[in-house]
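Asks: Once you've had a glance at the structure underneath, I'll fire off some questions.
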Amino acid sequence: MKILSVVGARPNFVKIAPLIREMSRRPQIETVLVHTGQHYDARMSDGFFEALSIPAPDVNLGVGSGSHAQQTAEVMRTFEPVLEAIRPDVVLVVGDVNSTAAAALVAVKLGVRVGHVEAGLRSFDRSMPEEINRLVTDAIADDLFATEESAVMNLAREGVPAERVHFVGNVMIDALRLARPDWQATRVFEELGLDRRAPYGVVTLHRPANVDDPRRLRDFVLALQEVAATVPLILPVHPRVRTRLARERVTWLTAGQPMPANGLVCVEPLGYLDFVGLVSHARLVLTDSGGVQEETTMLGIPCLTLRENTERPVTVTHGTNRVIGVSPRRIVEEGLRALSTPPAPQTPPPLWDGYAAGRIVDVLLGVAIEAAA
Ligand code: UD1
Ligand code: UDP
């Protein structure tokens, strides 16, 4: 059985790592990996392949950045001949980025089965580009792999036949489990000049709704600086935000400089092992990332989500996540409160046991047997 997996952006690399590992253990599977090139900086792409032991992609489409239409169209245009040449039995797409939806569209039109990992999540906010990608991908995929029960319910409500939906758990948590010894051994504390026992927080921001409007971004920076009056808040800067953040009065930490005792401190995007290692000892995380809401839930680190909604409600009901919106006053209040309150113990969400990839591959193999019969 030939399975072609498609990745394009940072969170995709984390999700595909346990799947590629699992597929390579099954002798009946031939794996092909296509990188669309949506993310291309070493710190956003190559570093993840290395840290997560993902083999180099068989094909890189090199699409790069562009408007949504350009990027989506470029993935479709360049992926079609690759798919025609390789003719896999299944195309596996993960997450909700432009590469996910574009590759799924190409595959389904060439009559290739599509598996969508992380199907059914809904923020119910169509101004979010990812929500459109999720709706499009789920509407056309054949096998929908859900991370949480809310996703199964959303798909049922949308009329997806139950036999296509598989509640398997979360490959992001598989990645976290598999890489545990490596992120526990991170040298990020030495590199940042940070004492892992001292209180600090971690911030990530990259949603267009939060960072593309300079006023909104300034409000965030001011609120975060207030929270950071007594502890450092470390912000690994996503490339989308770099230029805009350069206009704000923020501190950039460069190699060899000591970590300030407080304040909002910007650093380059961190590698996966360094980032998770840093988060694992943090007192608090403030984020608008999807994946980080899930990782903090598993690590038991308090997480404040700087958005009006989440497509991952299980991180709130079972995890450490609180969706607090974007009001600067609320960010300051909740941030200061979280810093002074010890985290409550949590039980992990159902099936977030680190073995989702095995379940997904089992389903795919079952599908192949049915198709051949
Ligand atoms: C994309 C995904 C988003 C995901 C995020 C993960 C879409 C619509 N968005 O957002 O869902 O949460 O990745 O990080 O698919 N850039 C670089 N170097 C890179 C990549 C990007 O400089 O390696 C800069 C470019 O200026 C680019 C901008 O970042 O225009 C945005 O990149 P893009 O991939 O379009 O969207 P993200 O904001 O990264
Ligand atoms: N991440 C990382 N370095 C960073 C910031 C995030 O390795 O500096 C990892 C994080 O641990 C998670 C993934 O990137 O596994 C999440 O990606 P991102 O926040 O870019 O996308 P989203 O999940 O919001 O789609």
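Ordering of the structure tokens sets the chain letters (A, B, ...), residue numbers begin anew at 1 in every chain, and ligands are numbered from 1 in the order given.
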Pull the strand (DSSP E) assignments for range 212-275 of chain A out of DSSP run on the backbone, and list those residues as a PyMOL selection string.

Replies: chain A and resi 232-236+251-252+263-267

Asks: I want to know what sits within 7 Å of Leu273 in chain A, based on only C-alpha atoms, with residues of the same chain fewer than 3 positions away left out; could you give that as a PyMOL selection string?

Replies: chain A and resi 51+182-183+186+276-277

Asks: Tell me which protein, DNA and RNA residues are within 8 Å of Val231 in chain A, counting only C-alpha atoms, leaving out same-chain ones fewer than 6 positions away, and put them as a list of chain:residue names.

Replies: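 Neighbouring residues, sequence-local ones excluded: A:Pro199, A:Tyr200, A:Gly201, A:Ala261, A:Asn262, A:Gly263.
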
Asks: Quick one: pick out all alpha helix (DSSP H) residues within range 91-309 of chain A from a backbone DSSP run and write them as a VMD selection string.

Replies: chain A and resid 98 to 109 129 to 140 149 to 157 171 to 178 180 to 184 188 to 192 208 to 211 214 to 227 239 to 246 272 to 280 290 to 299

Asks: Go through the chains and note each residue within 6 Å of ligand 2, using only C-alpha atoms and all ligand atoms, then give the set as a list of chain:residue names.

Replies: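 Written in the requested form, the residues are A:Arg10, A:Pro11, A:Val14, A:Pro236, A:Pro269, A:Leu270, A:Gly271, A:Tyr272, A:Phe275, A:Val276, A:Ser289, A:Gly290, A:Gly291, A:Val292.
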
Asks: Keeping only N, CA and C atoms, write those residues as a CSV table (one decimal), in the first residue's frame.

Replies:
```csv
chain,number,residue,atom,x,y,z
A,10,ARG,N,4.9,24.5,9.9
A,10,ARG,CA,5.5,24.0,11.2
A,10,ARG,C,4.7,22.9,11.9
A,11,PRO,N,3.4,23.2,12.2
A,11,PRO,CA,2.6,22.2,13.0
A,11,PRO,C,2.5,20.9,12.2
A,14,VAL,N,5.3,18.4,13.0
A,14,VAL,CA,5.1,17.7,14.3
A,14,VAL,C,4.1,16.6,14.2
A,236,PRO,N,9.1,33.5,21.4
A,236,PRO,CA,9.8,33.1,20.1
A,236,PRO,C,8.9,33.7,18.9
A,269,PRO,N,12.4,32.0,16.4
A,269,PRO,CA,11.6,30.9,16.6
A,269,PRO,C,12.4,29.7,17.1
A,270,LEU,N,11.9,29.0,18.1
A,270,LEU,CA,12.7,27.9,18.7
A,270,LEU,C,12.5,26.6,18.0
A,271,GLY,N,13.4,25.7,18.0
A,271,GLY,CA,13.3,24.4,17.5
A,271,GLY,C,12.3,23.6,18.4
A,272,TYR,N,11.7,22.6,17.9
A,272,TYR,CA,10.6,21.8,18.6
A,272,TYR,C,11.1,21.4,20.0
A,275,PHE,N,11.6,24.4,22.3
A,275,PHE,CA,10.3,25.0,22.6
A,275,PHE,C,9.6,24.2,23.7
A,276,VAL,N,9.4,22.9,23.4
A,276,VAL,CA,8.7,22.1,24.3
A,276,VAL,C,9.4,22.0,25.7
A,289,SER,N,-1.8,29.8,19.4
A,289,SER,CA,-1.5,28.6,18.6
A,289,SER,C,-2.5,27.5,18.9
A,290,GLY,N,-2.8,26.7,17.9
A,290,GLY,CA,-3.7,25.5,18.2
A,290,GLY,C,-2.9,24.4,18.9
A,291,GLY,N,-1.7,24.1,18.3
A,291,GLY,CA,-0.9,23.0,18.9
A,291,GLY,C,-0.5,23.3,20.3
A,292,VAL,N,-0.1,24.5,20.6
A,292,VAL,CA,0.4,24.8,21.9
A,292,VAL,C,-0.7,24.7,23.0
```

Asks: Counting only C-alpha atoms and all ligand atoms, figure out which residue out of A:Met23, A:Val63, A:Leu135, A:Leu52 gets nearest to ligand 1.

Replies: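 For ligand 1, the nearest of the given residues is A:Val63.
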
Asks: Just to confirm, what's the straight-line distance from CA of Ala357 in chain A to CA of Phe145 in chain A in Å (one decimal)?

Replies: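 If I compute the distance from CA of Ala357 in chain A to CA of Phe145 in chain A, I get 10.1 Å.
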
Asks: Enumerate residues in contact with ligand 1: an atom-to-atom distance of at most 8 Å, counting only C-alpha atoms and all ligand atoms. Format the result as a ChimeraX atom specification.

Replies: /A:9-11,38-45,64-68,71,96-100,129-130,133,206-208,238-241,289-290

Asks: Within 10 Å of range 296-299 of chain A, which residues of range 107-216 of chain A come that close, and what is the closest atom pair and distance in Å for each? Count only C-alpha atoms and give it as a tab-separated table.

Replies:
```
residue	atom	partner	partner_atom	distance
A:Ile173	CA	A:Met298	CA	7.5
A:Leu176	CA	A:Met298	CA	8.7
A:Arg177	CA	A:Met298	CA	9.8
```

Asks: Could you give me, as a PyMOL selection string, the residues within 12 Å of Ile16 in chain A, counting only C-alpha atoms and dropping anything in the same chain fewer than 2 positions from it?

Replies: chain A and resi 4-14+18-23+31-35+48-49+52-55+57+92-95+116-118+170-175+356-357+360-361

Asks: Which residue out of A:Val314, A:Leu192, A:Ile331, A:Val211 has the minimum interatomic distance to Trp252 in chain A when only C-alpha atoms are used?

Replies: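 Under the stated criterion, the closest residue is A:Leu192.
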
Asks: Which neighbours of Leu155 in chain A fall inside 9 Å, counting only C-alpha atoms, when residues of the same chain fewer than 3 positions from it are skipped, and could you give them as a ChimeraX atom specification?

Replies: /A:119-121,138,144,150-152,158-162,165

Asks: Deliver the residues from the most recent selection as a file, using all heavy atoms, as a compact mmCIF listing (two decimals), in the first residue's frame.

Replies:
```txt
# COMPACT_ATOMS: atom_id res chain seq x y z
N ALA A 119 -9.33 15.88 11.87
CA ALA A 119 -10.58 16.29 11.22
C ALA A 119 -11.61 16.76 12.26
O ALA A 119 -11.53 16.40 13.44
CB ALA A 119 -11.15 15.11 10.45
N GLY A 120 -12.56 17.56 11.80
CA GLY A 120 -13.75 17.87 12.60
C GLY A 120 -13.62 19.00 13.60
O GLY A 120 -14.62 19.41 14.20
N LEU A 121 -12.42 19.55 13.79
CA LEU A 121 -12.30 20.67 14.74
C LEU A 121 -12.99 21.89 14.12
O LEU A 121 -12.84 22.16 12.94
CB LEU A 121 -10.82 20.97 15.02
CG LEU A 121 -10.01 19.87 15.70
CD1 LEU A 121 -8.57 20.30 15.92
CD2 LEU A 121 -10.65 19.48 17.03
N ASP A 138 -12.56 18.50 5.24
CA ASP A 138 -13.45 17.48 5.80
C ASP A 138 -14.60 17.14 4.85
O ASP A 138 -15.10 16.01 4.84
CB ASP A 138 -14.02 17.94 7.15
CG ASP A 138 -12.96 17.94 8.23
OD1 ASP A 138 -11.95 17.23 8.05
OD2 ASP A 138 -13.14 18.62 9.25
N LEU A 144 -11.75 10.34 8.09
CA LEU A 144 -11.58 11.52 8.93
C LEU A 144 -11.15 11.08 10.32
O LEU A 144 -11.90 10.37 11.01
CB LEU A 144 -12.88 12.33 8.95
CG LEU A 144 -13.27 12.87 7.56
CD1 LEU A 144 -14.33 12.03 6.90
CD2 LEU A 144 -13.72 14.31 7.66
N SER A 150 -15.59 16.37 20.47
CA SER A 150 -16.30 17.49 19.86
C SER A 150 -16.20 17.41 18.34
O SER A 150 -17.14 17.74 17.61
CB SER A 150 -15.74 18.83 20.34
OG SER A 150 -14.53 19.15 19.68
N ALA A 151 -15.07 16.95 17.85
CA ALA A 151 -14.85 16.85 16.40
C ALA A 151 -15.76 15.78 15.80
O ALA A 151 -16.33 15.96 14.72
CB ALA A 151 -13.38 16.52 16.12
N VAL A 152 -15.92 14.67 16.52
CA VAL A 152 -16.81 13.60 16.05
C VAL A 152 -18.24 14.15 15.96
O VAL A 152 -18.95 13.92 14.98
CB VAL A 152 -16.75 12.39 17.01
CG1 VAL A 152 -17.73 11.30 16.59
CG2 VAL A 152 -15.32 11.84 17.08
N GLU A 158 -22.60 17.74 10.53
CA GLU A 158 -22.44 18.17 9.13
C GLU A 158 -22.83 17.06 8.15
O GLU A 158 -22.69 17.23 6.94
CB GLU A 158 -20.98 18.61 8.89
CG GLU A 158 -20.68 19.94 9.56
CD GLU A 158 -19.20 20.29 9.59
OE1 GLU A 158 -18.43 19.74 8.79
OE2 GLU A 158 -18.83 21.13 10.42
N GLY A 159 -23.28 15.93 8.68
CA GLY A 159 -23.80 14.87 7.80
C GLY A 159 -22.74 13.91 7.28
O GLY A 159 -23.00 13.17 6.32
N VAL A 160 -21.55 13.91 7.87
CA VAL A 160 -20.52 12.96 7.43
C VAL A 160 -20.91 11.56 7.95
O VAL A 160 -21.16 11.41 9.15
CB VAL A 160 -19.13 13.36 7.98
CG1 VAL A 160 -18.07 12.34 7.54
CG2 VAL A 160 -18.75 14.76 7.53
N PRO A 161 -20.98 10.56 7.08
CA PRO A 161 -21.36 9.22 7.55
C PRO A 161 -20.41 8.73 8.64
O PRO A 161 -19.18 8.89 8.52
CB PRO A 161 -21.24 8.35 6.28
CG PRO A 161 -21.27 9.31 5.13
CD PRO A 161 -20.71 10.61 5.63
N ALA A 162 -20.99 8.12 9.67
CA ALA A 162 -20.20 7.72 10.85
C ALA A 162 -19.07 6.77 10.48
O ALA A 162 -18.00 6.80 11.11
CB ALA A 162 -21.12 7.08 11.88
N VAL A 165 -15.67 8.33 10.00
CA VAL A 165 -15.07 9.10 11.10
C VAL A 165 -14.43 8.14 12.11
O VAL A 165 -15.07 7.18 12.54
CB VAL A 165 -16.14 9.98 11.79
CG1 VAL A 165 -15.53 10.78 12.93
CG2 VAL A 165 -16.80 10.90 10.77
```

Asks: Looking at only C-alpha atoms, which of A:Pro27, A:Leu224, A:Ala179, A:Ala17 is the one that sits closest to Arg329 in chain A?

Replies: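 So, comparing all the options, the nearest one is A:Leu224.
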
Asks: CA of Ser340 in chain A to CA of Ser280 in chain A: how many Å, to one decimal?

Replies: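 Between these atoms lies a distance of 17.5 Å.
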